[in-house]
>>> print(open('upload.txt').read())   # compact mmCIF, C-alpha atoms and all ligand atoms
# COMPACT_ATOMS: atom_id res chain seq x y z
CA MET E 30 -24.02 -14.73 -1.96
CA THR E 31 -21.80 -14.34 1.11
CA ALA E 32 -23.12 -13.37 4.57
CA LEU E 33 -21.72 -9.87 4.02
CA GLY E 34 -23.42 -9.74 0.61
CA ASP E 35 -26.80 -10.41 2.25
CA LEU E 36 -26.16 -7.66 4.82
CA LEU E 37 -25.22 -5.18 2.08
CA ILE E 38 -28.25 -6.04 -0.07
CA ALA E 39 -30.53 -5.40 2.94
CA ARG E 40 -28.73 -2.14 3.71
CA ILE E 41 -29.01 -0.91 0.11
CA ALA E 42 -32.74 -1.71 0.15
CA ARG E 43 -33.07 0.48 3.28
CA THR E 44 -30.78 3.40 2.50
CA GLY E 45 -29.87 3.29 -1.18
CA PRO E 46 -26.75 2.50 -3.25
CA LEU E 47 -23.23 2.60 -1.76
CA SER E 48 -20.23 4.41 -3.21
CA VAL E 49 -17.49 2.06 -4.42
CA ALA E 50 -15.44 3.32 -1.45
CA ASP E 51 -18.12 2.37 1.08
CA TYR E 52 -18.47 -1.02 -0.60
CA MET E 53 -14.68 -1.58 -0.48
CA ALA E 54 -14.49 -0.50 3.16
CA GLU E 55 -17.22 -2.98 4.15
CA CYS E 56 -15.65 -5.81 2.12
CA LEU E 57 -12.17 -5.28 3.58
CA MET E 58 -12.80 -4.11 7.13
CA HIS E 59 -16.31 -5.14 8.27
CA PRO E 60 -15.64 -6.31 11.87
CA ASP E 61 -17.31 -9.74 11.44
CA HIS E 62 -17.09 -10.45 7.71
CA GLY E 63 -14.38 -8.14 6.33
CA TYR E 64 -11.61 -9.69 4.25
CA TYR E 65 -8.66 -8.34 6.28
CA ALA E 66 -10.57 -8.14 9.53
CA THR E 67 -11.08 -11.90 9.65
CA ARG E 68 -8.11 -13.66 8.02
CA ASP E 69 -4.47 -13.85 7.03
CA PRO E 70 -4.68 -13.81 3.23
CA PHE E 71 -0.98 -14.01 2.39
CA GLY E 72 1.29 -16.67 0.96
CA VAL E 73 1.12 -19.40 -1.63
CA ALA E 74 -1.82 -21.06 0.16
CA GLY E 75 -3.62 -17.70 0.44
CA ASP E 76 -5.18 -15.32 -2.03
CA PHE E 77 -2.10 -13.31 -2.97
CA THR E 78 1.62 -13.03 -2.30
CA THR E 79 3.46 -9.80 -1.58
CA ALA E 80 7.14 -8.95 -2.09
CA PRO E 81 8.23 -9.51 1.55
CA GLU E 82 6.52 -12.92 1.48
CA ILE E 83 8.40 -13.82 -1.72
CA THR E 84 11.92 -13.22 -0.39
CA GLN E 85 13.68 -11.91 2.71
CA MET E 86 15.83 -9.71 0.44
CA PHE E 87 12.99 -7.20 0.04
CA GLY E 88 12.72 -6.28 3.73
CA GLU E 89 16.49 -6.48 4.19
CA LEU E 90 17.23 -3.92 1.47
CA ILE E 91 14.46 -1.59 2.63
CA GLY E 92 15.78 -1.78 6.19
CA LEU E 93 19.28 -0.95 5.01
CA SER E 94 18.02 1.95 2.89
CA LEU E 95 16.23 3.42 5.93
CA ALA E 96 19.27 2.88 8.19
CA GLN E 97 21.51 4.62 5.62
CA THR E 98 19.04 7.53 5.48
CA TRP E 99 19.17 7.70 9.28
CA MET E 100 22.97 7.94 9.14
CA ASP E 101 22.81 10.54 6.33
CA GLN E 102 20.51 12.64 8.53
CA GLY E 103 22.97 12.63 11.45
CA GLN E 104 21.71 9.61 13.43
CA PRO E 105 18.85 11.33 15.32
CA SER E 106 17.59 9.62 18.48
CA PRO E 107 14.95 8.63 19.45
CA ILE E 108 13.23 7.82 16.15
CA THR E 109 10.05 6.08 15.02
CA LEU E 110 10.43 3.12 12.67
CA ALA E 111 6.89 2.73 11.34
CA GLU E 112 5.04 0.51 8.90
CA LEU E 113 1.56 1.01 7.46
CA GLY E 114 -0.43 -2.21 6.90
CA PRO E 115 2.37 -4.61 7.89
CA GLY E 116 0.49 -7.83 6.92
CA ARG E 117 2.27 -10.68 8.67
CA GLY E 118 5.09 -8.42 9.92
CA THR E 119 7.62 -10.15 7.68
CA LEU E 120 9.03 -7.00 6.04
CA MET E 121 9.69 -5.28 9.37
CA ALA E 122 11.24 -8.42 10.88
CA ASP E 123 13.60 -8.76 7.88
CA ALA E 124 14.46 -5.04 8.05
CA LEU E 125 15.30 -5.29 11.76
CA ARG E 126 17.48 -8.39 11.28
CA ALA E 127 19.39 -6.77 8.41
CA THR E 128 20.13 -3.59 10.40
CA LYS E 129 21.27 -5.23 13.65
CA GLY E 130 24.88 -4.42 12.80
CA VAL E 131 24.27 -0.70 12.16
CA PRO E 132 25.80 0.94 15.27
CA GLY E 133 23.20 2.80 17.35
CA PHE E 134 20.27 2.26 14.99
CA HIS E 135 18.37 -0.25 17.10
CA ALA E 136 19.07 1.67 20.29
CA ALA E 137 17.55 4.80 18.70
CA LEU E 138 14.37 3.28 17.27
CA SER E 139 11.02 2.02 18.44
CA VAL E 140 8.74 0.07 16.11
CA HIS E 141 5.24 1.44 15.43
CA LEU E 142 2.70 -0.44 13.31
CA VAL E 143 -0.45 1.09 11.85
CA GLU E 144 -2.90 -1.79 11.44
CA THR E 145 -6.69 -2.04 11.72
CA SER E 146 -7.11 -5.82 11.42
CA PRO E 147 -7.15 -7.63 14.81
CA THR E 148 -6.25 -10.93 13.10
CA LEU E 149 -3.19 -9.46 11.41
CA ARG E 150 -2.16 -7.60 14.60
CA GLN E 151 -1.93 -11.01 16.26
CA ALA E 152 0.25 -12.36 13.45
CA GLN E 153 2.47 -9.26 13.66
CA ALA E 154 2.86 -9.61 17.44
CA LYS E 155 4.43 -13.05 16.98
CA LEU E 156 7.30 -11.62 14.92
CA LEU E 157 7.41 -8.15 16.52
CA PRO E 158 6.55 -8.51 20.22
CA ASP E 159 7.92 -5.07 21.15
CA ALA E 160 5.92 -3.10 18.57
CA ILE E 161 3.38 -0.41 19.42
CA TRP E 162 0.14 -0.53 17.40
CA HIS E 163 -1.91 2.37 16.05
CA ASP E 164 -5.29 2.66 14.33
CA HIS E 165 -4.26 5.79 12.41
CA VAL E 166 -1.06 7.57 11.35
CA GLU E 167 -2.11 10.67 13.34
CA THR E 168 -1.07 9.05 16.63
CA LEU E 169 2.50 8.24 15.52
CA PRO E 170 4.97 10.03 17.87
CA ASP E 171 6.30 13.53 17.25
CA ALA E 172 9.81 12.31 16.36
CA PRO E 173 11.89 11.64 13.23
CA LEU E 174 9.77 9.22 11.19
CA PHE E 175 11.27 6.41 9.12
CA LEU E 176 8.26 4.80 7.47
CA ILE E 177 7.53 2.01 5.03
CA ALA E 178 4.24 1.27 3.28
CA ASN E 179 4.22 -1.73 0.95
CA GLU E 180 0.90 -2.62 -0.70
CA PHE E 181 -0.92 -0.45 1.84
CA PHE E 182 -2.36 2.36 -0.29
CA ASP E 183 -3.85 -0.10 -2.82
CA ALA E 184 -6.07 -1.46 -0.03
CA LEU E 185 -7.57 1.96 0.77
CA PRO E 186 -11.13 2.50 -0.51
CA ILE E 187 -11.55 4.51 -3.73
CA ARG E 188 -14.49 6.38 -5.23
CA GLN E 189 -14.99 6.12 -8.99
CA PHE E 190 -16.38 8.84 -11.25
CA VAL E 191 -17.34 8.86 -14.93
CA ARG E 192 -16.95 12.16 -16.80
CA ASP E 193 -20.21 13.60 -18.14
CA GLY E 194 -19.84 17.03 -19.77
CA ASN E 195 -18.29 19.32 -17.17
CA GLY E 196 -19.63 17.13 -14.37
CA TRP E 197 -19.20 13.60 -13.07
CA ARG E 198 -21.44 10.61 -12.40
CA GLU E 199 -20.36 8.54 -9.41
CA LYS E 200 -20.19 4.77 -9.85
CA VAL E 201 -22.27 3.13 -7.11
CA VAL E 202 -23.16 -0.36 -5.92
CA GLY E 203 -26.91 -1.06 -5.97
CA VAL E 204 -29.13 -4.11 -6.31
CA THR E 205 -30.69 -5.50 -9.52
CA ASP E 206 -32.81 -8.70 -9.49
CA GLY E 207 -31.67 -9.46 -5.94
CA LYS E 208 -27.95 -9.22 -6.85
CA LEU E 209 -25.34 -6.52 -6.30
CA SER E 210 -24.79 -4.47 -9.45
CA PHE E 211 -22.99 -1.32 -10.53
CA GLY E 212 -24.89 1.83 -11.40
CA LEU E 213 -24.21 5.54 -11.94
CA SER E 214 -25.49 8.51 -9.96
CA ALA E 215 -26.79 11.67 -11.64
CA ALA E 216 -24.16 14.00 -13.11
CA ALA E 217 -22.91 16.88 -10.96
CA PRO E 218 -19.87 19.18 -10.99
CA LEU E 219 -17.25 18.19 -8.42
CA ALA E 220 -14.64 20.51 -6.91
CA LEU E 221 -12.64 17.41 -5.96
CA LEU E 222 -12.03 16.60 -9.63
CA GLU E 223 -11.62 20.15 -10.98
CA ASP E 224 -8.02 19.37 -12.02
CA ARG E 225 -9.10 16.26 -13.96
CA LEU E 226 -11.27 18.21 -16.43
CA THR E 227 -8.19 19.04 -18.50
CA ASP E 228 -6.89 15.48 -19.01
CA THR E 229 -10.17 13.55 -19.43
CA LYS E 230 -13.01 13.41 -21.95
CA ASP E 231 -16.66 12.35 -21.80
CA GLY E 232 -17.03 8.75 -20.59
CA ASP E 233 -13.56 8.51 -18.99
CA LEU E 234 -13.40 6.99 -15.50
CA VAL E 235 -11.18 8.43 -12.77
CA GLU E 236 -10.58 7.19 -9.25
CA HIS E 237 -10.18 9.10 -6.01
CA CYS E 238 -8.64 7.43 -2.95
CA VAL E 239 -10.61 8.83 -0.01
CA GLY E 240 -8.06 8.26 2.78
CA LEU E 241 -4.91 9.09 0.83
CA PRO E 242 -4.80 12.90 1.22
CA ALA E 243 -5.06 12.95 5.03
CA ILE E 244 -2.68 10.01 5.55
CA THR E 245 -0.07 11.46 3.20
CA ALA E 246 -0.38 14.95 4.66
CA SER E 247 0.03 13.62 8.21
CA ILE E 248 3.18 11.64 7.35
CA SER E 249 4.61 14.54 5.36
CA ALA E 250 4.01 17.03 8.17
CA LYS E 251 5.92 14.79 10.61
CA ILE E 252 8.81 14.25 8.20
CA ALA E 253 9.03 17.98 7.44
CA ALA E 254 8.99 18.91 11.14
CA PHE E 255 11.15 16.17 12.68
CA GLY E 256 13.09 14.53 9.79
CA GLY E 257 13.10 10.98 8.49
CA THR E 258 11.64 9.58 5.30
CA ALA E 259 8.77 7.48 3.92
CA LEU E 260 9.20 4.72 1.34
CA ILE E 261 5.89 4.03 -0.38
CA ILE E 262 5.79 0.99 -2.66
CA ASP E 263 2.75 -0.15 -4.59
CA TYR E 264 1.31 -0.90 -7.98
CA GLY E 265 -0.09 1.98 -9.91
CA ASP E 266 1.12 4.94 -11.87
CA TRP E 267 1.39 8.71 -12.08
CA GLN E 268 -2.27 9.81 -12.11
CA SER E 269 -4.58 6.86 -12.52
CA GLN E 270 -7.01 6.73 -15.37
CA GLY E 271 -9.53 3.99 -16.00
CA ASP E 272 -11.17 1.37 -13.80
CA THR E 273 -8.49 -0.39 -11.71
CA LEU E 274 -10.74 -1.95 -9.07
CA GLN E 275 -9.89 -5.64 -8.89
CA ALA E 276 -10.81 -8.62 -6.75
CA LEU E 277 -8.42 -11.52 -6.11
CA LYS E 278 -9.21 -14.91 -4.64
CA ALA E 279 -6.88 -17.92 -4.62
CA GLN E 280 -4.39 -15.97 -6.79
CA ALA E 281 -7.02 -15.43 -9.54
CA HIS E 282 -9.17 -12.48 -10.59
CA VAL E 283 -12.86 -12.67 -9.67
CA ASP E 284 -15.86 -10.35 -10.12
CA PRO E 285 -15.64 -7.70 -7.35
CA LEU E 286 -19.39 -7.98 -6.63
CA THR E 287 -19.90 -11.75 -6.36
CA THR E 288 -18.06 -12.68 -3.14
CA PRO E 289 -18.01 -9.57 -0.89
CA GLY E 290 -15.75 -10.15 2.12
CA ASP E 291 -14.21 -13.32 0.65
CA ALA E 292 -11.97 -11.75 -1.99
CA ASP E 293 -9.25 -9.11 -1.68
CA LEU E 294 -10.24 -5.80 -3.27
CA THR E 295 -7.60 -3.34 -4.45
CA ALA E 296 -7.13 -0.40 -6.79
CA HIS E 297 -4.03 1.02 -8.43
CA VAL E 298 -2.34 3.79 -6.48
CA ASP E 299 -2.38 7.30 -7.93
CA PHE E 300 1.18 8.41 -7.08
CA ALA E 301 0.47 11.95 -8.31
CA ALA E 302 -2.04 12.25 -5.47
CA ILE E 303 0.68 11.22 -2.98
CA ALA E 304 3.04 13.81 -4.49
CA ALA E 305 0.29 16.45 -4.33
CA HIS E 306 0.02 16.00 -0.55
CA ALA E 307 3.76 15.68 0.22
CA SER E 308 4.24 19.37 0.99
CA PRO E 309 5.76 20.76 3.25
CA ALA E 310 8.13 17.83 2.63
CA ARG E 311 9.47 16.82 -0.79
CA PHE E 312 8.79 13.78 -2.95
CA SER E 313 11.28 11.78 -5.00
CA ARG E 314 10.99 10.78 -8.64
CA LEU E 315 8.64 7.81 -9.14
CA THR E 316 10.88 4.77 -9.76
CA GLY E 317 10.21 1.18 -10.80
CA GLN E 318 10.65 -1.39 -8.03
CA GLY E 319 13.13 -3.35 -10.18
CA VAL E 320 15.42 -0.36 -10.72
CA PHE E 321 15.12 0.65 -7.06
CA LEU E 322 16.11 -2.80 -5.78
CA GLU E 323 18.97 -3.13 -8.28
CA ARG E 324 20.34 0.24 -7.12
CA LEU E 325 20.19 -1.02 -3.53
CA GLY E 326 22.31 -4.03 -4.55
CA ILE E 327 19.79 -6.87 -4.73
CA THR E 328 21.94 -8.77 -7.22
CA GLY E 329 24.93 -8.87 -4.87
CA ARG E 330 22.72 -9.91 -1.97
CA ALA E 331 21.07 -12.57 -4.14
CA GLN E 332 24.47 -13.98 -5.11
CA ALA E 333 25.64 -14.08 -1.48
CA LEU E 334 22.51 -15.97 -0.44
CA ALA E 335 22.70 -18.28 -3.49
CA ALA E 336 26.16 -19.47 -2.43
CA LYS E 337 24.54 -21.24 0.55
CA LEU E 338 21.69 -22.82 -1.45
CA SER E 339 21.25 -25.75 -3.80
CA GLY E 340 18.49 -27.74 -5.54
CA ASP E 341 14.90 -26.50 -5.22
CA ALA E 342 15.84 -23.82 -2.69
CA LEU E 343 18.31 -22.31 -5.19
CA THR E 344 15.80 -22.48 -8.05
CA SER E 345 13.09 -20.71 -6.03
CA HIS E 346 15.61 -18.12 -4.76
CA ILE E 347 16.59 -17.24 -8.35
CA ALA E 348 12.89 -17.07 -9.32
CA ALA E 349 12.18 -14.76 -6.36
CA HIS E 350 14.91 -12.30 -7.43
CA ARG E 351 13.48 -12.29 -10.94
CA ARG E 352 9.90 -11.91 -9.73
CA LEU E 353 10.68 -8.77 -7.73
CA THR E 354 12.86 -7.04 -10.33
CA HIS E 355 12.05 -8.23 -13.87
CA PRO E 356 10.04 -5.72 -15.96
CA ALA E 357 7.68 -8.52 -17.07
CA GLU E 358 6.94 -9.42 -13.43
CA MET E 359 6.78 -6.92 -10.51
CA GLY E 360 9.75 -4.78 -11.60
CA GLU E 361 7.82 -2.10 -13.52
CA LEU E 362 4.20 -2.51 -12.39
CA PHE E 363 5.31 -1.81 -8.82
CA LYS E 364 6.70 1.65 -8.14
CA VAL E 365 8.48 3.44 -5.34
CA ILE E 366 8.17 7.04 -4.20
CA SER E 367 9.70 8.61 -1.14
CA ILE E 368 8.81 11.61 0.98
CA TYR E 369 11.76 13.39 2.60
CA PRO E 370 12.60 16.75 4.22
CA VAL E 371 13.54 19.73 2.01
CA THR E 372 16.85 19.86 3.89
CA ALA E 373 17.80 16.24 3.04
CA GLN E 374 18.54 13.95 0.10
CA PRO E 375 16.14 11.18 -0.93
CA PRO E 376 16.90 7.69 0.46
CA PRO E 377 19.41 5.48 -1.39
CA GLY E 378 17.98 4.09 -4.63
CA LEU E 379 15.82 7.17 -5.36
CA GLU E 380 16.41 10.54 -7.06
CA PRO E 381 15.05 14.04 -6.35
N1 LIG E 401 2.53 -4.74 3.73
C1 LIG E 401 2.14 -6.14 3.81
C2 LIG E 401 0.62 -6.35 3.70
C3 LIG E 401 -0.12 -5.70 2.55
S1 LIG E 401 -1.87 -6.03 2.60
C4 LIG E 401 2.89 -6.93 2.78
O1 LIG E 401 3.55 -6.33 1.94
O2 LIG E 401 2.85 -8.17 2.84
C5 LIG E 401 -2.58 -4.57 3.30
C6 LIG E 401 -2.36 -4.38 4.77
O3 LIG E 401 -2.93 -3.13 5.15
C7 LIG E 401 -3.00 -5.41 5.70
O4 LIG E 401 -2.15 -5.60 6.80
C8 LIG E 401 -4.31 -4.72 6.08
O5 LIG E 401 -4.91 -5.25 7.23
C9 LIG E 401 -3.83 -3.31 6.25
N2 LIG E 401 -4.83 -2.26 6.12
C10 LIG E 401 -5.75 -2.10 5.15
N3 LIG E 401 -6.46 -0.96 5.31
C11 LIG E 401 -5.96 -0.36 6.41
C12 LIG E 401 -6.24 0.87 7.10
N4 LIG E 401 -7.19 1.69 6.66
N5 LIG E 401 -5.52 1.18 8.19
C13 LIG E 401 -4.54 0.34 8.62
N6 LIG E 401 -4.22 -0.82 8.02
C14 LIG E 401 -4.92 -1.18 6.93
>>> encode(input="upload.txt", output="structure tokens", more="lines below")
Ligand code: SAH
Amino acid sequence: MTALGDLLIARIARTGPLSVADYMAECLMHPDHGYYATRDPFGVAGDFTTAPEITQMFGELIGLSLAQTWMDQGQPSPITLAELGPGRGTLMADALRATKGVPGFHAALSVHLVETSPTLRQAQAKLLPDAIWHDHVETLPDAPLFLIANEFFDALPIRQFVRDGNGWREKVVGVTDGKLSFGLSAAAPLALLEDRLTDTKDGDLVEHCVGLPAITASISAKIAAFGGTALIIDYGDWQSQGDTLQALKAQAHVDPLTTPGDADLTAHVDFAAIAAHASPARFSRLTGQGVFLERLGITGRAQALAAKLSGDALTSHIAAHRRLTHPAEMGELFKVISIYPVTAQPPPGLEP
């Protein structure tokens, strides 16, 4: 058992089982032992690789999509260019480099990063020395908001509930024979899941992302009031159903309860929940990452970059393009939704 595991076992003995959300929050963000709080998990040598770490084309195309949206909305100034959970800061750095030539864009923007991990803030500061950091989205400026969130929502803690008659039993983390184990609370009706009674049956498991409603509502309120757009990219689907909690360590799946704090924990994103909190702004149609990137011209960009490459570099560049867009790789599992003002069009690559 990890050091965090021992702490959690002692805490459960004192105060009882934890919700899956509380368990996730401790595993990811515990100040001394949390997964994100203590390390940089990205890259081939790390536990997982994200799209911006696979190829510079990802951040470049997202930057250009946001800059085009800024032009389409009449080039407001000043604006906030924000990212939620920026990891190493690679995506934002690629987006800024790609948009240098867009007249007036850099002069209008300031970069704001929402990040809770001190270790990752340090990594971000190396690439983005002029950024301003926030603990929460609520403190982002009252200004047009151009925001990107890639693999951010999947890291937010979820609660899990199993349908039992017209009520729900919450999945909890307790202790059996000195080890962490899953259990179920007593059944109770839940206003939170009233709308899920129609599309579930006894024994079905549904997930509820605790932080999603307030974060989405806060972003949407800013976009509705001041303009801008949010591009939210993650794996998941329209209304999650089933257990999607997963733990990753050294690019492989592990049991979520055996190495608390040492493995990444994620859950699929319920995009319907994002859409449900997008008002008073609008949300775009949910679109596969592959289709989105092809519409933004990734193939042309890939060919331009390929012309300067040869040997292993060319082979890995071609593989990176395929990895991001192919339906058998990230192209369909990963999805994109945008939030945008009722008075505007969705960003390039997305439809109303
Ligand atoms: N977007 C990056 C990193 C994704 S990993 C990429 O694509 O490579 C998730 C990121 O979200 C990490 O930077 C993590 O520290 C951050 N994070 C997780 N929970 C958070 C929270 N509640 N508030 C702010 N940042 C959070």
>>> residues_around(input="upload.txt", residues="segment 64-77 of chain E", least_positions_apart="5", cutoff="12 Å", atoms="all atoms listed in the file", output="ChimeraX atom specification")
/E:31,33,53-59,82-84,114-119,144-153,180-181,184-185,276-283,288-295
>>> closest_residue(input="upload.txt", among="E:Leu315, E:Ile187, E:Leu47, E:Ala215", to="ligand LIG 401 (chain E)", atoms="only C-alpha atoms and all ligand atoms")
E:Ile187
>>> residues_around(input="upload.txt", residues="Pro381 of chain E", least_positions_apart="4", cutoff="8 Å", atoms="only C-alpha atoms", output="count of residues only")
5
>>> axis_aligned_box(input="upload.txt", around="ligand LIG 401 (chain E)", padding_each_side="4 Å", output="lines of an AutoDock Vina configuration file")
center_x = -1.8
center_y = -3.2
center_z = 5.3
size_x = 18.7
size_y = 17.9
size_z = 14.7
>>> closest_residue(input="upload.txt", among="E:Ala333, E:Val143, E:Ile41, E:Leu322", to="ligand LIG 401 (chain E)", atoms="all atoms listed in the file")
E:Val143
>>> atom_distance(input="upload.txt", atom1="atom CA of Ile252 of chain E", atom2="atom N5 of ligand LIG 401 (chain E)")
19.4 Å
>>> residues_near_point(input="upload.txt", point="(12.6, 9.8, 12.2)", cutoff="10 Å", atoms="only C-alpha atoms", output="list in words")
Leu95, Thr98, Trp99, Gln102, Gln104, Pro105, Ser106, Pro107, Ile108, Thr109, Leu110, Ala111, Ala137, Leu138, Pro170, Asp171, Ala172, Pro173, Leu174, Phe175, Leu176, Lys251, Ile252, Ala254, Phe255, Gly256, Gly257, Thr258 and Ala259 of chain E
>>> atom_distance(input="upload.txt", atom1="atom CA of Gln270 of chain E", atom2="atom CA of Gly45 of chain E")
27.1 Å
>>> closest_residue(input="upload.txt", among="E:Leu213, E:Gly207, E:Val239, E:Ile347", to="Thr328 of chain E", atoms="only C-alpha atoms")
E:Ile347
>>> closest_residue(input="upload.txt", among="E:Asp164, E:Asp35, E:Asp51, E:Glu358", to="ligand LIG 401 (chain E)", atoms="only C-alpha atoms and all ligand atoms")
E:Asp164
>>> atom_distance(input="upload.txt", atom1="atom CA of Tyr52 of chain E", atom2="atom CA of Ser269 of chain E")
19.9 Å
>>> closest_residue(input="upload.txt", among="E:Thr354, E:Ser249, E:Thr273, E:Ser345", to="Ser308 of chain E", atoms="all atoms listed in the file")
E:Ser249
>>> closest_residue(input="upload.txt", among="E:Ala349, E:His62, E:Gly130, E:Val191", to="Pro81 of chain E", atoms="all atoms listed in the file")
E:Ala349
>>> residues_around(input="upload.txt", residues="Thr229 of chain E", least_positions_apart="4", cutoff="8 Å", atoms="all atoms listed in the file", output="PDB file with C-alpha atoms, in the frame of the given file")
ATOM      1  CA  ARG E 192     -16.950  12.160 -16.800  1.00  0.00           C
ATOM      2  CA  ARG E 225      -9.100  16.260 -13.960  1.00  0.00           C
ATOM      3  CA  ASP E 233     -13.560   8.510 -18.990  1.00  0.00           C
TER       4      ASP E 233
END
>>> residues_near_point(input="upload.txt", point="(14.1, 4.8, -3.4)", cutoff="9 Å", atoms="all atoms listed in the file", output="ChimeraX atom specification")
/E:91,94,260-261,313-316,318,321-322,324-325,365-367,375-380
>>> build_atoms(input="upload.txt", residues="segment 351-366 of chain E", atoms="N, CA, C and O atoms", output="short mmCIF file (atom, residue, chain, number, x, y, z; two decimals), in the coordinates of the input")
data_model
loop_
_atom_site.label_atom_id
_atom_site.label_comp_id
_atom_site.auth_asym_id
_atom_site.auth_seq_id
_atom_site.Cartn_x
_atom_site.Cartn_y
_atom_site.Cartn_z
N ARG E 351 14.05 -12.67 -9.66
CA ARG E 351 13.48 -12.29 -10.94
C ARG E 351 12.07 -11.71 -10.75
O ARG E 351 11.72 -10.70 -11.35
N ARG E 352 11.29 -12.35 -9.91
CA ARG E 352 9.90 -11.91 -9.73
C ARG E 352 9.83 -10.47 -9.22
O ARG E 352 9.02 -9.67 -9.68
N LEU E 353 10.70 -10.12 -8.29
CA LEU E 353 10.68 -8.77 -7.73
C LEU E 353 11.19 -7.71 -8.69
O LEU E 353 10.75 -6.56 -8.65
N THR E 354 12.15 -8.07 -9.56
CA THR E 354 12.86 -7.04 -10.33
C THR E 354 12.56 -7.04 -11.83
O THR E 354 12.74 -6.01 -12.47
N HIS E 355 12.17 -8.16 -12.41
CA HIS E 355 12.05 -8.23 -13.87
C HIS E 355 10.89 -7.36 -14.36
O HIS E 355 9.80 -7.40 -13.77
N PRO E 356 11.11 -6.59 -15.45
CA PRO E 356 10.04 -5.72 -15.96
C PRO E 356 8.76 -6.48 -16.32
O PRO E 356 7.66 -5.92 -16.22
N ALA E 357 8.88 -7.76 -16.71
CA ALA E 357 7.68 -8.52 -17.07
C ALA E 357 6.97 -9.06 -15.83
O ALA E 357 5.86 -9.58 -15.93
N GLU E 358 7.60 -8.95 -14.66
CA GLU E 358 6.94 -9.42 -13.43
C GLU E 358 6.58 -8.20 -12.57
O GLU E 358 5.83 -7.36 -13.01
N MET E 359 7.17 -8.07 -11.34
CA MET E 359 6.78 -6.92 -10.51
C MET E 359 7.64 -5.68 -10.74
O MET E 359 7.35 -4.61 -10.20
N GLY E 360 8.72 -5.81 -11.51
CA GLY E 360 9.75 -4.78 -11.60
C GLY E 360 9.26 -3.41 -12.07
O GLY E 360 9.73 -2.39 -11.59
N GLU E 361 8.30 -3.39 -13.00
CA GLU E 361 7.82 -2.10 -13.52
C GLU E 361 6.40 -1.76 -13.06
O GLU E 361 6.07 -0.59 -12.90
N LEU E 362 5.57 -2.76 -12.86
CA LEU E 362 4.20 -2.51 -12.39
C LEU E 362 4.24 -1.87 -10.99
O LEU E 362 3.52 -0.93 -10.69
N PHE E 363 5.16 -2.36 -10.15
CA PHE E 363 5.31 -1.81 -8.82
C PHE E 363 6.25 -0.63 -8.86
O PHE E 363 7.28 -0.68 -9.54
N LYS E 364 5.90 0.43 -8.11
CA LYS E 364 6.70 1.65 -8.14
C LYS E 364 6.99 2.11 -6.73
O LYS E 364 6.29 1.74 -5.78
N VAL E 365 8.04 2.93 -6.63
CA VAL E 365 8.48 3.44 -5.34
C VAL E 365 8.53 4.96 -5.39
O VAL E 365 9.04 5.53 -6.36
N ILE E 366 8.00 5.60 -4.35
CA ILE E 366 8.17 7.04 -4.20
C ILE E 366 8.57 7.28 -2.76
O ILE E 366 8.20 6.50 -1.87
#
